[in-house]
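A.B. asks: Contents of entry03.cif (mmCIF, C-alpha atoms) are below:
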data_entry
loop_
_atom_site.label_atom_id
_atom_site.label_comp_id
_atom_site.auth_asym_id
_atom_site.auth_seq_id
_atom_site.Cartn_x
_atom_site.Cartn_y
_atom_site.Cartn_z
CA MET A 1 -0.50 1.45 58.56
CA GLN A 2 -2.34 -0.29 55.73
CA GLU A 3 -3.56 3.04 54.32
CA THR A 4 0.02 4.31 54.32
CA MET A 5 1.25 1.17 52.58
CA ASP A 6 -1.51 1.43 49.97
CA ILE A 7 -0.23 4.90 49.06
CA LEU A 8 3.49 4.19 49.20
CA CYS A 9 3.35 0.63 47.83
CA PRO A 10 0.05 0.09 45.97
CA MET A 11 1.41 -3.19 44.61
CA HIS A 12 1.92 -5.09 47.85
CA VAL A 13 0.30 -7.95 49.71
CA VAL A 14 0.38 -8.81 53.39
CA LEU A 15 0.65 -12.52 54.19
CA SER A 16 -0.32 -14.33 57.37
CA ARG A 17 1.90 -16.86 59.18
CA THR A 18 0.33 -19.56 56.98
CA GLY A 19 0.97 -17.67 53.74
CA HIS A 20 -2.60 -16.54 53.14
CA VAL A 21 -3.31 -13.05 51.81
CA ILE A 22 -4.79 -10.87 54.52
CA HIS A 23 -4.47 -7.58 52.67
CA ALA A 24 -3.81 -6.56 49.07
CA GLY A 25 -2.86 -3.13 47.78
CA PRO A 26 -5.26 -1.42 45.33
CA THR A 27 -3.12 -2.05 42.22
CA VAL A 28 -2.60 -5.74 43.02
CA GLN A 29 -6.36 -6.18 43.32
CA LYS A 30 -6.73 -4.81 39.76
CA LEU A 31 -4.75 -7.76 38.47
CA ARG A 32 -7.61 -10.10 39.37
CA PRO A 33 -10.71 -7.87 39.61
CA GLY A 34 -13.12 -10.81 39.37
CA THR A 35 -11.35 -12.97 41.95
CA ALA A 36 -11.04 -12.29 45.67
CA MET A 37 -7.41 -12.49 46.80
CA MET A 38 -8.21 -12.32 50.50
CA GLY A 39 -7.96 -15.67 52.19
CA ARG A 40 -6.11 -17.35 49.30
CA ARG A 41 -2.59 -18.69 49.67
CA PHE A 42 0.01 -16.47 48.03
CA LEU A 43 1.53 -19.41 46.17
CA GLU A 44 -1.91 -20.34 44.79
CA ILE A 45 -2.12 -16.93 43.11
CA PHE A 46 1.52 -16.60 42.07
CA ASP A 47 3.86 -19.22 40.66
CA LEU A 48 7.38 -18.72 42.03
CA LYS A 49 9.73 -19.16 39.05
CA ARG A 50 12.96 -18.24 40.90
CA PRO A 51 14.29 -19.17 43.41
CA ARG A 52 12.98 -22.62 42.65
CA ALA A 53 11.83 -25.38 45.01
CA ILE A 54 9.96 -22.99 47.37
CA THR A 55 6.53 -24.45 48.09
CA ASN A 56 5.46 -23.06 51.46
CA MET A 57 5.56 -20.03 53.73
CA ASP A 58 8.57 -21.24 55.71
CA GLY A 59 10.51 -21.42 52.47
CA LEU A 60 9.47 -17.88 51.54
CA ARG A 61 10.47 -16.53 54.95
CA SER A 62 13.86 -18.17 54.59
CA ILE A 63 14.63 -16.10 51.47
CA ALA A 64 13.44 -12.76 52.84
CA GLY A 65 15.15 -9.89 51.02
CA THR A 66 15.83 -12.00 47.91
CA LYS A 67 14.46 -10.88 44.56
CA LEU A 68 11.50 -13.05 43.58
CA HIS A 69 10.54 -13.90 39.99
CA LEU A 70 6.82 -14.64 39.93
CA GLN A 71 4.09 -15.27 37.39
CA LEU A 72 0.34 -15.11 37.80
CA ARG A 73 -1.04 -18.63 37.58
CA ASP A 74 -4.26 -17.62 35.81
CA ALA A 75 -4.36 -16.04 32.37
CA PRO A 76 -3.07 -13.59 31.45
CA ASN A 77 0.09 -15.05 32.98
CA THR A 78 1.80 -11.74 33.65
CA GLU A 79 5.35 -11.91 35.00
CA ILE A 80 5.91 -10.07 38.29
CA LYS A 81 9.00 -9.18 40.28
CA GLY A 82 8.89 -8.98 44.09
CA VAL A 83 10.72 -8.89 47.39
CA LEU A 84 9.52 -10.28 50.74
CA VAL A 85 10.22 -8.69 54.13
CA PRO A 86 8.95 -9.49 57.64
CA GLY A 87 5.68 -7.78 58.54
CA PRO A 88 4.51 -6.01 61.70
CA GLY A 89 2.42 -8.90 63.04
CA ASP A 90 3.59 -12.21 64.45
CA GLY A 91 4.80 -14.33 61.55
CA GLU A 92 3.38 -11.91 58.97
CA CYS A 93 5.26 -10.94 55.79
CA ILE A 94 4.92 -8.13 53.29
CA VAL A 95 5.65 -8.77 49.62
CA ASN A 96 6.16 -5.67 47.48
CA LEU A 97 5.58 -6.33 43.77
CA SER A 98 6.52 -4.71 40.47
CA PHE A 99 5.99 -5.40 36.77
CA GLY A 100 9.63 -4.84 35.86
CA ILE A 101 10.25 -4.28 32.15
CA SER A 102 6.82 -5.72 31.26
CA VAL A 103 5.13 -2.63 32.72
CA VAL A 104 4.02 -1.33 29.31
CA ASP A 105 2.20 -4.57 28.48
CA ALA A 106 0.71 -4.69 31.97
CA VAL A 107 -0.57 -1.12 31.79
CA THR A 108 -2.39 -2.00 28.56
CA GLU A 109 -3.62 -5.39 29.81
CA TYR A 110 -5.05 -4.11 33.09
CA ALA A 111 -5.97 -0.54 32.03
CA LEU A 112 -3.69 0.96 34.66
CA THR A 113 -2.95 4.67 35.02
CA SER A 114 -0.32 6.72 36.85
CA ALA A 115 -2.65 6.72 39.90
CA ASP A 116 -2.03 2.97 40.25
CA PHE A 117 1.63 3.50 41.07
CA ALA A 118 3.41 5.31 43.87
CA ALA A 119 4.15 8.92 43.00
CA THR A 120 7.90 8.32 43.40
CA ASP A 121 7.89 5.06 41.43
CA LEU A 122 10.27 5.23 38.44
CA THR A 123 7.60 3.32 36.54
CA ILE A 124 5.81 6.64 36.10
CA GLU A 125 8.88 8.10 34.41
CA MET A 126 9.11 5.04 32.19
CA LEU A 127 5.47 5.38 31.21
CA TYR A 128 6.02 9.04 30.33
CA LEU A 129 9.01 8.08 28.18
CA VAL A 130 7.05 5.30 26.47
CA GLU A 131 4.16 7.67 25.86
CA ALA A 132 6.49 10.30 24.41
CA LYS A 133 8.20 7.69 22.25
CA SER A 134 4.83 6.40 21.02
CA ALA A 135 3.75 9.93 20.15
CA ALA A 136 7.03 10.53 18.30
CA MET A 137 6.75 7.22 16.45
CA ASP A 138 3.15 7.98 15.52
CA ALA A 139 4.14 11.41 14.21
CA SER A 140 7.03 9.84 12.27
CA ARG A 141 4.74 7.18 10.80
CA LYS A 142 2.22 9.81 9.69
CA LEU A 143 5.00 11.92 8.17
CA ASN A 144 6.36 8.87 6.31
CA LEU A 145 2.87 8.10 5.00
CA ARG A 146 2.48 11.69 3.78
CA LEU A 147 5.90 11.62 2.14
CA GLN A 148 5.14 8.26 0.54
CA GLY A 149 1.81 9.58 -0.72
CA ALA A 150 3.49 12.69 -2.11
CA MET A 151 6.12 10.55 -3.83
CA ILE A 152 3.48 8.29 -5.37
CA ALA A 153 1.50 11.33 -6.50
CA ALA A 154 4.62 12.89 -8.03
CA GLU A 155 5.48 9.65 -9.85
CA GLU A 156 1.89 9.34 -11.08
CA GLN A 157 1.95 12.93 -12.30
CA ALA A 158 5.23 12.32 -14.11
CA PHE A 159 3.60 9.43 -16.02
CA THR A 160 0.29 11.19 -16.76
CA ASP A 161 -0.85 13.43 -19.62
CA THR A 162 -2.46 16.38 -17.86
CA LEU A 163 -5.07 17.11 -20.55
CA THR A 164 -6.53 13.64 -21.04
CA GLY A 165 -5.51 11.79 -17.88
CA LEU A 166 -3.96 9.06 -20.03
CA LYS A 167 -0.42 7.76 -19.64
CA ASN A 168 2.23 9.81 -21.43
CA ARG A 169 5.24 8.85 -23.57
CA ARG A 170 7.41 8.35 -20.50
CA ALA A 171 4.89 5.89 -19.10
CA MET A 172 4.71 4.11 -22.46
CA ASP A 173 8.50 3.63 -22.49
CA HIS A 174 8.31 2.28 -18.94
CA VAL A 175 5.56 -0.23 -19.80
CA LEU A 176 7.36 -1.39 -22.95
CA ALA A 177 10.57 -1.88 -20.98
CA ARG A 178 8.72 -4.09 -18.51
CA HIS A 179 7.28 -6.24 -21.31
CA ALA A 180 10.74 -6.58 -22.81
CA GLN A 181 12.09 -7.68 -19.44
CA TRP A 182 9.24 -10.13 -18.84
CA GLU A 183 9.35 -11.38 -22.46
CA THR A 184 5.57 -11.34 -22.72
CA ARG A 185 3.56 -11.25 -25.93
CA PHE A 186 1.62 -8.02 -26.48
CA GLY A 187 -0.15 -6.05 -29.16
CA LEU A 188 0.57 -2.42 -29.94
CA MET A 189 -1.61 0.12 -31.76
CA GLN A 190 -0.45 3.41 -33.15
CA VAL A 191 -3.51 5.69 -33.39
CA ASP A 192 -3.50 8.98 -35.27
CA LEU A 193 -6.52 11.26 -35.57
CA ASP A 194 -7.76 12.34 -39.01
CA TRP A 195 -9.01 15.89 -39.64
CA PHE A 196 -8.00 17.02 -36.15
CA LYS A 197 -6.09 20.04 -37.45
CA ALA A 198 -9.26 21.27 -39.13
CA VAL A 199 -11.04 21.25 -35.77
CA ASN A 200 -8.33 23.39 -34.20
CA ASP A 201 -8.20 25.77 -37.16
CA THR A 202 -11.95 26.32 -37.46
CA LEU A 203 -13.26 25.97 -33.90
CA GLY A 204 -10.19 26.78 -31.79
CA HIS A 205 -7.98 24.98 -29.33
CA ALA A 206 -10.72 24.64 -26.71
CA ALA A 207 -12.66 22.50 -29.18
CA GLY A 208 -9.49 20.56 -29.95
CA ASP A 209 -8.92 19.87 -26.26
CA HIS A 210 -12.52 18.70 -25.91
CA VAL A 211 -12.05 16.32 -28.83
CA LEU A 212 -8.83 14.90 -27.36
CA GLN A 213 -10.56 14.29 -24.03
CA THR A 214 -13.45 12.56 -25.80
CA VAL A 215 -11.02 10.40 -27.78
CA ALA A 216 -9.23 9.43 -24.57
CA ARG A 217 -12.50 8.39 -22.93
CA VAL A 218 -13.50 6.29 -25.96
CA MET A 219 -10.16 4.46 -26.04
CA VAL A 220 -10.32 3.66 -22.33
CA GLU A 221 -13.89 2.39 -22.65
CA GLU A 222 -13.02 0.14 -25.60
CA THR A 223 -9.97 -1.46 -23.96
CA ARG A 224 -9.41 -3.61 -20.89
CA GLU A 225 -8.24 -2.44 -17.48
CA THR A 226 -4.98 -4.31 -18.07
CA ASP A 227 -4.32 -2.37 -21.30
CA THR A 228 -2.32 0.87 -21.33
CA VAL A 229 -3.61 3.85 -23.32
CA CYS A 230 -1.06 6.63 -23.88
CA ARG A 231 -1.10 10.03 -25.49
CA VAL A 232 2.36 10.40 -26.99
CA GLY A 233 1.89 13.54 -29.10
CA GLY A 234 -0.62 16.21 -30.06
CA ASP A 235 -3.14 13.86 -31.65
CA GLU A 236 -1.05 10.68 -31.50
CA PHE A 237 -1.91 7.78 -29.21
CA VAL A 238 -0.46 4.35 -28.45
CA ILE A 239 -2.37 1.42 -26.96
CA ILE A 240 -0.47 -1.50 -25.41
CA LEU A 241 -2.49 -4.71 -25.04
CA PRO A 242 -0.77 -7.42 -22.95
CA TYR A 243 -1.16 -11.06 -23.99
CA ALA A 244 -2.89 -10.16 -27.25
CA LYS A 245 -4.39 -13.36 -28.69
CA GLY A 246 -3.95 -12.42 -32.33
CA SER A 247 -4.57 -9.93 -35.09
CA ASP A 248 -8.31 -10.74 -35.26
CA ALA A 249 -8.91 -9.60 -31.67
CA MET A 250 -6.76 -6.53 -32.25
CA GLU A 251 -8.71 -5.71 -35.40
CA SER A 252 -12.02 -5.97 -33.54
CA ILE A 253 -10.86 -3.47 -30.91
CA ALA A 254 -9.47 -1.10 -33.53
CA LEU A 255 -12.67 -1.15 -35.57
CA ARG A 256 -14.77 -0.37 -32.49
CA ILE A 257 -12.56 2.63 -31.71
CA ILE A 258 -12.71 3.87 -35.31
CA GLU A 259 -16.49 3.49 -35.46
CA ARG A 260 -17.00 5.50 -32.28
CA LEU A 261 -14.57 8.22 -33.30
CA THR A 262 -16.37 8.80 -36.60
CA ARG A 263 -19.47 9.89 -34.67
CA PRO A 264 -19.98 13.68 -34.46
CA ILE A 265 -18.60 15.27 -31.28
CA PRO A 266 -20.69 18.26 -30.14
CA PHE A 267 -18.95 21.28 -28.65
CA GLN A 268 -20.69 24.52 -27.65
CA GLY A 269 -23.33 24.25 -30.34
CA GLU A 270 -20.83 23.18 -33.02
CA ILE A 271 -20.01 19.73 -34.39
CA CYS A 272 -16.45 18.37 -34.43
CA GLN A 273 -15.92 15.69 -37.04
CA ILE A 274 -12.85 13.45 -36.97
CA SER A 275 -11.87 9.87 -37.63
CA ALA A 276 -8.89 7.71 -36.71
CA SER A 277 -6.25 5.74 -38.56
CA ILE A 278 -4.67 2.81 -36.74
CA GLY A 279 -1.58 0.69 -37.32
CA THR A 280 -1.24 -2.54 -35.37
CA ALA A 281 1.77 -4.72 -34.60
CA ILE A 282 2.26 -7.75 -32.36
CA TYR A 283 5.41 -8.40 -30.35
CA GLU A 284 6.54 -12.01 -30.20
CA PRO A 285 9.26 -12.55 -27.54
CA GLU A 286 11.03 -15.14 -29.69
CA SER A 287 11.33 -12.71 -32.61
CA GLY A 288 14.24 -10.88 -31.01
CA GLU A 289 12.78 -7.51 -31.97
CA THR A 290 13.45 -4.44 -29.87
CA MET A 291 10.67 -2.20 -28.55
CA ALA A 292 11.79 0.44 -31.05
CA GLN A 293 11.28 -2.04 -33.89
CA VAL A 294 7.80 -2.93 -32.64
CA LEU A 295 6.87 0.76 -32.54
CA ASP A 296 8.27 1.19 -36.03
CA ASN A 297 6.26 -1.79 -37.30
CA ALA A 298 3.06 -0.23 -35.96
CA ASP A 299 4.09 3.08 -37.51
CA VAL A 300 4.52 1.40 -40.91
CA ALA A 301 1.03 -0.11 -40.56
CA LEU A 302 -0.34 3.31 -39.57
CA TYR A 303 1.19 4.82 -42.69
CA ALA A 304 -0.58 2.16 -44.74
CA SER A 305 -3.91 3.13 -43.13
CA LYS A 306 -3.30 6.81 -43.87
CA HIS A 307 -2.18 6.10 -47.42
CA GLY A 308 -5.15 3.77 -47.95
CA GLY A 309 -7.75 6.47 -47.29
CA ARG A 310 -7.75 7.08 -43.50
CA GLY A 311 -10.41 5.99 -41.02
CA ARG A 312 -9.19 2.39 -41.11
CA GLN A 313 -6.84 -0.01 -39.38
CA THR A 314 -3.97 -2.10 -40.78
CA VAL A 315 -2.03 -4.98 -39.25
CA TYR A 316 1.71 -4.90 -39.90
CA THR A 317 3.29 -7.33 -42.38
CA GLU A 318 6.72 -7.29 -44.01
CA ALA A 319 5.00 -6.57 -47.32
CA LEU A 320 3.80 -3.23 -45.93
CA ARG A 321 7.38 -2.22 -45.18
CA THR A 322 8.45 -3.05 -48.71
CA GLN A 323 5.51 -1.08 -50.06
CA ALA A 324 6.38 1.89 -47.86
CA GLN A 325 9.98 1.80 -49.04
CA ASN A 326 8.88 1.75 -52.68
CA LEU A 327 6.71 4.81 -52.07
CA ALA A 328 9.42 6.67 -50.21
CA PRO A 329 10.88 9.80 -51.85
CA PRO A 330 14.66 10.02 -52.20
CA THR A 331 14.94 11.77 -48.84
CA GLY A 332 13.38 8.87 -46.90
CA ARG A 333 10.07 7.18 -46.08
CA PRO A 334 6.99 8.98 -47.35
CA THR A 335 5.12 11.12 -44.88
CA VAL A 336 1.41 11.68 -44.77
CA ASP A 337 -0.11 14.70 -43.08
CA SER A 338 -1.64 13.48 -39.79
CA ASP A 339 -4.92 15.18 -40.75
#
Could the structure of this file be written out as C-alpha cells, please?

C.D. replies:
Amino acid sequence: MQETMDILCPMHVVLSRTGHVIHAGPTVQKLRPGTAMMGRRFLEIFDLKRPRAITNMDGLRSIAGTKLHLQLRDAPNTEIKGVLVPGPGDGECIVNLSFGISVVDAVTEYALTSADFAATDLTIEMLYLVEAKSAAMDASRKLNLRLQGAMIAAEEQAFTDTLTGLKNRRAMDHVLARHAQWETRFGLMQVDLDWFKAVNDTLGHAAGDHVLQTVARVMVEETRETDTVCRVGGDEFVIILPYAKGSDAMESIALRIIERLTRPIPFQGEICQISASIGTAIYEPESGETMAQVLDNADVALYASKHGGRGRQTVYTEALRTQAQNLAPPTGRPTVDSD
C-alpha cells in the first residue's frame, strides 16, 4: 500500500493516532533532507495557517476533507496546501500535500524534477508551460539585446567618419545642441590642414588618406577623453572642449597639435609634409550667442591664422571680425585656399 501511495501521491504523509509521522512520501522527504520526519508530530513540522486554532490531532481529524493551508516551520518557510483523510489503520490519517501556485519556486528551492510528482499531476503540465515560457522569454531577451546592439551600432555608425574613426558633422551638431541645452561653457577649435592638396596631387589619395588618419590620431592624443574631435570636411576638423578654462589652455592644446602636425609623415618611402592652421572661440552661455555664431567666430579666427602665414593658431576677438570685413572683396568675406 505504501509503495502504491508513494507512486500515486509522492507528496503525502501518514500520521498515527497521536499525530506523529509514521511514513513520508519521497518528495515530502526532499523538503527536509537533513531532518528525519519519522516520529515527529505533524504540527511540529508544519504550521497550520488555515483553518486556525487547530493544535492537535483530534482537531485535524475533525476537519477531514477540508483544504489545509500550511507552512513549513523551518526555513525556507515554503507554503504548502493539503487535505487530510482517514487512513487504513486505527486512528491513522493520510495528508496529501501540494505546492499550489508556489510550485515554480519550490522546484528551484528543492531541486525537484518531474520524477518527484505523480505522472498525472497537473503540476507537470504547469512546469512544462513555465519551462516553455522561460525559453520564449530568454529567446525574446536575447533578440532584444541583439536589436538594441544593432541599433546602437547603427547610431554610432551614423555619427562616425569612416576613414578616421572620428565623429562626423552630424555628431558635431548633436554635441553642440547638447551644450546649448545645458548652457555649459566650452571651447571650439576650427582646424584646417595646410599643404594637404599638394600631398594628394603629388603622392595620390592613398597618401592623403594616410595623412588624415595620422592627423586624427594626433588630435585624439592631444585632447581629453571628454573632448569631441570631428572631421567635418575633406581636411577640415572641429574640436569641442567642454568647460574650457580660458584661451591660454586652448592655445596650449592648439600649439601642441600644430607642432606635431609639422613633423614629416612617412608613407611608402615618401615624406608627406603638412601643417595646420587653427581658429579658436569660446562659448559663454550668458553671451546669448547661437552655436552657428560660435562656429563662425572660430572660422573668423581660422581665417586670421591662414592670412597670417598658416601653421599657427588664433583666438577670436571682435577686432578680427572687423579686420576680416575690411579685407573682404565686394562679393563677401575673403577666402583663403585651404592649402

A.B. asks: Using all atoms listed in the file, pick whichever of A:Pro285, A:Pro26, A:Gly208, A:Gly187 has the shortest atom-to-atom distance to Ala254 (chain A).

C.D. replies: A:Gly187

A.B. asks: Find, counting only C-alpha atoms, the residue in A:Asp74, A:Asp47, A:Glu183, A:Asp161 that gets nearest to Val229 (chain A).

C.D. replies: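 Going through A:Asp74, A:Asp47, A:Glu183, A:Asp161 one by one, the smallest distance to Val229 (chain A) is for A:Asp161.
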
A.B. asks: Here is a test: counting all atoms listed in the file, which residue of A:Cys230, A:Ile239, A:Ile63, A:Ala136 is nearest to Phe159 (chain A)?

C.D. replies: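 When distances to Phe159 (chain A) are compared using all atoms listed in the file, the smallest one comes from A:Cys230.
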
A.B. asks: Using all atoms listed in the file for the distances, tell me which of A:Cys93, A:Leu43, A:Gln313, A:Glu225 is nearest to Ala64 (chain A).

C.D. replies: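 Of the candidates, the smallest distance to Ala64 (chain A) is held by A:Cys93.
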
A.B. asks: Taking all atoms listed in the file into account, name the residue in A:Asp116, A:Asp194, A:Glu289, A:Asp58 that is nearest to His307 (chain A).

C.D. replies: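 Among the listed residues, the smallest separation from His307 (chain A) belongs to A:Asp194.
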
A.B. asks: For a cutoff of 9 Å around the file-coordinate point (-3.7, 8.6, -40.7), which residues qualify once you count only C-alpha atoms? I'd like the result as a PyMOL selection string.

C.D. replies: chain A and resi 191-194+275-279+302-312+336-339

A.B. asks: Taking C-alpha atoms for each residue, export the selection above as a PDB file, in the frame of the given file.

C.D. replies:
ATOM      1  CA  VAL A 191      -3.510   5.690 -33.390  1.00  0.00           C
ATOM      2  CA  ASP A 192      -3.500   8.980 -35.270  1.00  0.00           C
ATOM      3  CA  LEU A 193      -6.520  11.260 -35.570  1.00  0.00           C
ATOM      4  CA  ASP A 194      -7.760  12.340 -39.010  1.00  0.00           C
ATOM      5  CA  SER A 275     -11.870   9.870 -37.630  1.00  0.00           C
ATOM      6  CA  ALA A 276      -8.890   7.710 -36.710  1.00  0.00           C
ATOM      7  CA  SER A 277      -6.250   5.740 -38.560  1.00  0.00           C
ATOM      8  CA  ILE A 278      -4.670   2.810 -36.740  1.00  0.00           C
ATOM      9  CA  GLY A 279      -1.580   0.690 -37.320  1.00  0.00           C
ATOM     10  CA  LEU A 302      -0.340   3.310 -39.570  1.00  0.00           C
ATOM     11  CA  TYR A 303       1.190   4.820 -42.690  1.00  0.00           C
ATOM     12  CA  ALA A 304      -0.580   2.160 -44.740  1.00  0.00           C
ATOM     13  CA  SER A 305      -3.910   3.130 -43.130  1.00  0.00           C
ATOM     14  CA  LYS A 306      -3.300   6.810 -43.870  1.00  0.00           C
ATOM     15  CA  HIS A 307      -2.180   6.100 -47.420  1.00  0.00           C
ATOM     16  CA  GLY A 308      -5.150   3.770 -47.950  1.00  0.00           C
ATOM     17  CA  GLY A 309      -7.750   6.470 -47.290  1.00  0.00           C
ATOM     18  CA  ARG A 310      -7.750   7.080 -43.500  1.00  0.00           C
ATOM     19  CA  GLY A 311     -10.410   5.990 -41.020  1.00  0.00           C
ATOM     20  CA  ARG A 312      -9.190   2.390 -41.110  1.00  0.00           C
ATOM     21  CA  VAL A 336       1.410  11.680 -44.770  1.00  0.00           C
ATOM     22  CA  ASP A 337      -0.110  14.700 -43.080  1.00  0.00           C
ATOM     23  CA  SER A 338      -1.640  13.480 -39.790  1.00  0.00           C
ATOM     24  CA  ASP A 339      -4.920  15.180 -40.750  1.00  0.00           C
TER      25      ASP A 339
END

A.B. asks: So how many Å separate CA of Glu221 (chain A) and CA of Thr290 (chain A), to one decimal?

C.D. replies: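 Distance reported for this atom pair: 29.1 Å.
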
A.B. asks: Where does the PyMOL selection byres ((chain A and resi 164) around 9) land in this file, that is, which residues does it pick, as a short mmCIF file (atom, residue, chain, number, x, y, z; two decimals) with C-alpha atoms, in the coordinates of the input?

C.D. replies:
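What follows is the written file expr-v3.cif:
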data_model
loop_
_atom_site.label_atom_id
_atom_site.label_comp_id
_atom_site.auth_asym_id
_atom_site.auth_seq_id
_atom_site.Cartn_x
_atom_site.Cartn_y
_atom_site.Cartn_z
CA THR A 160 0.29 11.19 -16.76
CA ASP A 161 -0.85 13.43 -19.62
CA THR A 162 -2.46 16.38 -17.86
CA LEU A 163 -5.07 17.11 -20.55
CA GLY A 165 -5.51 11.79 -17.88
CA LEU A 166 -3.96 9.06 -20.03
CA LYS A 167 -0.42 7.76 -19.64
CA ASP A 209 -8.92 19.87 -26.26
CA LEU A 212 -8.83 14.90 -27.36
CA GLN A 213 -10.56 14.29 -24.03
CA THR A 214 -13.45 12.56 -25.80
CA VAL A 215 -11.02 10.40 -27.78
CA ALA A 216 -9.23 9.43 -24.57
CA ARG A 217 -12.50 8.39 -22.93
CA ARG A 231 -1.10 10.03 -25.49
#
